[in-house]
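Dropping final_36.pdb in here (PDB, C-alpha atoms and all ligand atoms):
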```
ATOM      1  CA  MET A1101      81.520 138.893  99.963
ATOM      2  CA  ALA A1102      82.958 138.273 103.367
ATOM      3  CA  CYS A1103      82.093 134.589 103.619
ATOM      4  CA  SER A1104      83.564 133.487 100.284
ATOM      5  CA  LYS A1105      86.976 134.413 101.556
ATOM      6  CA  LEU A1106      86.419 132.285 104.654
ATOM      7  CA  ASP A1107      85.245 129.300 102.597
ATOM      8  CA  LYS A1108      88.306 129.494 100.456
ATOM      9  CA  LYS A1109      90.569 129.518 103.476
ATOM     10  CA  ARG A1110      88.843 126.497 104.999
ATOM     11  CA  LYS A1111      89.043 124.615 101.724
ATOM     12  CA  VAL A1112      92.769 125.186 101.412
ATOM     13  CA  ASP A1113      93.274 124.165 105.016
ATOM     14  CA  SER A1114      91.462 120.839 104.657
ATOM     15  CA  GLU A1115      93.167 120.132 101.345
ATOM     16  CA  ASN A1116      96.430 120.578 103.150
ATOM     17  CA  ARG A1117      95.635 117.793 105.585
ATOM     18  CA  GLU A1118      94.494 115.219 103.120
ATOM     19  CA  PHE A1119      96.814 112.629 101.706
ATOM     20  CA  LYS A1120      96.970 113.115  97.956
ATOM     21  CA  LYS A1121      97.288 110.153  95.639
ATOM     22  CA  GLU A1122      99.708 112.088  93.452
ATOM     23  CA  TRP A1123     102.230 112.110  96.314
ATOM     24  CA  THR A1124     102.895 108.471  95.615
ATOM     25  CA  ASP A1125     104.156 109.314  92.120
ATOM     26  CA  LYS A1126     105.662 112.630  93.035
ATOM     27  CA  TYR A1127     107.345 111.883  96.345
ATOM     28  CA  ALA A1128     107.133 108.080  96.757
ATOM     29  CA  PHE A1129     104.809 108.392  99.758
ATOM     30  CA  VAL A1130     101.863 106.193 100.694
ATOM     31  CA  LEU A1131      99.326 106.448 103.472
ATOM     32  CA  PRO A1132      99.347 103.155 105.373
ATOM     33  CA  ALA A1133      95.860 101.742 106.021
ATOM     34  CA  GLY A1134      94.519 102.975 109.335
ATOM     35  CA  SER A1135      97.296 105.513 109.727
ATOM     36  CA  THR A1136      97.277 109.267 109.541
ATOM     37  CA  LYS A1137     101.001 109.505 108.914
ATOM     38  CA  PRO A1138     102.261 109.261 105.338
ATOM     39  CA  MET A1139     105.102 106.794 104.933
ATOM     40  CA  CYS A1140     108.054 107.103 102.589
ATOM     41  CA  LEU A1141     108.408 104.052 100.348
ATOM     42  CA  ILE A1142     112.120 104.681  99.917
ATOM     43  CA  CYS A1143     113.237 104.692 103.552
ATOM     44  CA  ASN A1144     110.029 103.590 105.369
ATOM     45  CA  GLU A1145     110.099 106.690 107.546
ATOM     46  CA  THR A1146     106.848 108.404 108.370
ATOM     47  CA  VAL A1147     106.290 112.131 108.488
ATOM     48  CA  ALA A1148     104.377 113.510 111.423
ATOM     49  CA  LEU A1149     101.669 115.388 109.582
ATOM     50  CA  VAL A1150      99.766 115.003 106.359
ATOM     51  CA  LYS A1151     101.031 118.145 104.722
ATOM     52  CA  SER A1152     102.431 118.437 101.262
ATOM     53  CA  GLY A1153     105.224 120.620 102.679
ATOM     54  CA  ASN A1154     106.442 117.860 105.000
ATOM     55  CA  VAL A1155     106.253 115.171 102.359
ATOM     56  CA  LYS A1156     107.980 117.341  99.776
ATOM     57  CA  ARG A1157     110.704 118.436 102.183
ATOM     58  CA  HIS A1158     111.430 114.844 103.186
ATOM     59  CA  TYR A1159     111.643 113.725  99.594
ATOM     60  CA  GLU A1160     113.765 116.635  98.430
ATOM     61  CA  SER A1161     116.178 116.647 101.363
ATOM     62  CA  LYS A1162     116.674 112.882 101.668
ATOM     63  CA  HIS A1163     116.103 111.374  98.269
ATOM     64  CA  GLY A1164     117.774 113.631  95.730
ATOM     65  CA  HIS A1165     119.523 110.576  94.296
ATOM     66  CA  PHE A1166     116.162 108.900  93.730
ATOM     67  CA  GLU A1167     114.986 111.932  91.775
ATOM     68  CA  GLN A1168     118.146 111.707  89.665
ATOM     69  CA  ASN A1169     117.874 107.984  89.024
ATOM     70  CA  TYR A1170     114.124 108.037  88.512
ATOM     71  CA  PRO A1171     113.108 111.431  87.070
ATOM     72  CA  GLN A1172     109.506 112.664  87.435
ATOM     73  CA  ASN A1173     107.076 111.269  84.859
ATOM     74  CA  SER A1174     109.554 108.748  83.517
ATOM     75  CA  GLU A1175     108.720 105.133  82.833
ATOM     76  CA  VAL A1176     111.477 103.845  85.139
ATOM     77  CA  ARG A1177     110.040 105.929  87.947
ATOM     78  CA  THR A1178     106.498 104.630  87.459
ATOM     79  CA  ARG A1179     107.844 101.093  87.428
ATOM     80  CA  LYS A1180     110.077 101.634  90.456
ATOM     81  CA  ILE A1181     107.327 103.199  92.534
ATOM     82  CA  SER A1182     104.799 100.508  91.725
ATOM     83  CA  GLN A1183     107.439  97.909  92.596
ATOM     84  CA  MET A1184     108.059  99.578  95.955
ATOM     85  CA  GLN A1185     104.321  99.772  96.566
ATOM     86  CA  ALA A1186     103.915  96.105  95.714
ATOM     87  CA  SER A1187     106.754  95.213  98.041
ATOM     88  CA  TYR A1188     105.242  97.279 100.817
ATOM     89  CA  GLN A1189     101.801  95.726 100.310
ATOM     90  CA  ALA A1190     103.268  92.212 100.153
ATOM     91  CA  THR A1191     105.136  92.760 103.405
ATOM     92  CA  ARG A1192     102.010  93.994 105.119
ATOM     93  CA  THR A1193      99.939  91.132 103.771
ATOM     94  CA  MET A1194     102.537  88.556 104.749
ATOM     95  CA  ILE A1195     102.858  89.897 108.266
ATOM     96  CA  VAL A1196      99.093  89.823 108.701
ATOM     97  CA  ARG A1197      98.906  86.356 107.184
ATOM     98  CA  SER A1198     101.805  84.990 109.204
ATOM     99  CA  VAL A1199     100.129  86.126 112.397
ATOM    100  CA  GLN A1200      96.833  84.556 111.308
ATOM    101  CA  LEU A1201      98.510  81.319 110.209
ATOM    102  CA  LYS A1202     100.736  81.002 113.214
ATOM    103  CA  PRO A1203      99.245  77.728 114.495
ATOM    104  CA  HIS A1204      99.964  76.082 111.108
ATOM    105  CA  CYS A1205     103.513  77.236 110.693
ATOM    106  CA  GLU A1206     104.731  77.048 114.218
ATOM    107  CA  TRP A1207     107.281  74.387 113.339
ATOM    108  CA  HIS A1208     109.848  74.363 110.615
ATOM    109  CA  GLY A1209     112.671  72.083 109.652
ATOM    110  CA  SER A1210     112.264  68.318 109.733
ATOM    111  CA  GLY A1211     112.817  65.359 112.054
ATOM    112  CA  LYS A1212     114.726  66.071 115.212
ATOM    113  CA  HIS A1213     115.842  69.489 113.936
ATOM    114  CA  LYS A1214     112.330  70.828 114.269
ATOM    115  CA  LYS A1215     112.210  73.960 116.306
ATOM    116  CA  PRO A1216     109.483  76.444 117.041
ATOM    117  CA  PHE A1217     109.313  79.710 115.157
ATOM    118  CA  THR A1218     109.201  82.842 117.199
ATOM    119  CA  ASP A1219     107.049  85.712 115.945
ATOM    120  CA  ALA A1220     110.165  87.590 114.950
ATOM    121  CA  GLU A1221     111.430  84.632 112.936
ATOM    122  CA  ILE A1222     108.141  84.288 111.081
ATOM    123  CA  VAL A1223     108.186  87.956 110.157
ATOM    124  CA  LYS A1224     111.850  87.774 109.170
ATOM    125  CA  GLU A1225     111.214  84.704 107.041
ATOM    126  CA  CYS A1226     108.373  86.491 105.262
ATOM    127  CA  MET A1227     110.440  89.636 104.754
ATOM    128  CA  ASN A1228     113.212  87.533 103.237
ATOM    129  CA  GLU A1229     110.693  86.004 100.833
ATOM    130  CA  VAL A1230     109.565  89.452  99.783
ATOM    131  CA  ALA A1231     113.134  90.692  99.332
ATOM    132  CA  ILE A1232     114.068  87.656  97.258
ATOM    133  CA  ALA A1233     110.954  87.959  95.110
ATOM    134  CA  LEU A1234     111.144  91.658  94.411
ATOM    135  CA  TYR A1235     114.720  92.831  94.415
ATOM    136  CA  GLU A1236     117.763  92.082  92.356
ATOM    137  CA  GLY A1237     121.526  92.235  92.647
ATOM    138  CA  THR A1238     123.165  94.422  95.251
ATOM    139  CA  GLN A1239     119.848  95.900  96.286
ATOM    140  CA  LYS A1240     118.621  92.434  97.225
ATOM    141  CA  ASP A1241     121.800  91.708  99.218
ATOM    142  CA  ASP A1242     121.480  95.043 100.934
ATOM    143  CA  ILE A1243     117.876  94.434 101.934
ATOM    144  CA  ILE A1244     118.524  90.891 103.110
ATOM    145  CA  GLN A1245     121.429  92.233 105.131
ATOM    146  CA  LYS A1246     119.098  94.773 106.751
ATOM    147  CA  ILE A1247     116.513  92.115 107.569
ATOM    148  CA  ASN A1248     119.163  89.784 109.009
ATOM    149  CA  PRO A1249     121.655  92.055 110.717
ATOM    150  CA  CYS A1250     123.638  89.316 112.428
TER     151      CYS A1250
HETATM  152 ZN    ZN B1301     112.326 108.656 102.773
END
```

Structure re-expressed in structure tokens:
Amino acid sequence: MACSKLDKKRKVDSENREFKKEWTDKYAFVLPAGSTKPMCLICNETVALVKSGNVKRHYESKHGHFEQNYPQNSEVRTRKISQMQASYQATRTMIVRSVQLKPHCEWHGSGKHKKPFTDAEIVKECMNEVAIALYEGTQKDDIIQKINPC
């Protein structure tokens, strides 16, 4: 039948453009809410198109060490990926919350040392909280260093 071939092609095509939940376990990618670009949990880079080829290529070319340290289907990998997801979600939530709560946390410090927070400081403060809560050892230092470059 001529049309069954066509249907099959269309199905494959649309499957190719859908973010698959398994990519989170397989390639450490998530699809940020409201976005069409999958984001890598390891380096926070996004890939331009929802295509398993792009996601796979990014993971395999950039994160070979991750694959070695956290092999597919291992318990450490499951734990690591859910930790990265939690960290990512917490950061998002905190940024949203810090923007919503801005009038209440506009001042920090005490007495005459009070000074206003800028938006960037609020975000940085929240990111630091997340890093401190979720990471350990050198990884924590590394992340805090990245959040506070100077
Ligand atoms: Zn990456």

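Taking only C-alpha atoms and all ligand atoms into account, ligand ZN 1301 (chain B) lies nearest to A:Tyr1159 out of the set A:Trp1123, A:Tyr1235, A:Tyr1159, A:Tyr1170.
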
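Neighbours of ligand ZN 1301 (chain B) at a cut-off of 10 Å, computed so that only C-alpha atoms and all ligand atoms are counted, are the residues A:Tyr1127, A:Ala1128, A:Phe1129, A:Met1139, A:Cys1140, A:Leu1141, A:Ile1142, A:Cys1143, A:Asn1144, A:Glu1145, A:Thr1146, A:Val1147, A:Val1155, A:Arg1157, A:His1158, A:Tyr1159, A:Glu1160, A:Ser1161, A:Lys1162, A:His1163, A:Phe1166.
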
>> When you look at Glu1118 (chain A) with a cut-off of 10 Å (counting all atoms listed in the file), what residues show up, excluding the ones that are within fewer than 6 positions of it in the same chain? I need them as number ranges by chain.
In response: A: 1136, 1149-1152

>> Under the PyMOL selection byres (((chain A and resi 1180) around 12) and not hetatm), which residues of this model are included? Write them out as a PyMOL selection string.
In response: chain A and resi 1124-1125+1128+1141-1142+1166-1167+1169-1179+1181-1187+1234-1235

> What is the CA of Pro1138 (chain A)-CA of Ile1195 (chain A) distance in Å, reported with one decimal?
Replying inline: 19.6 Å
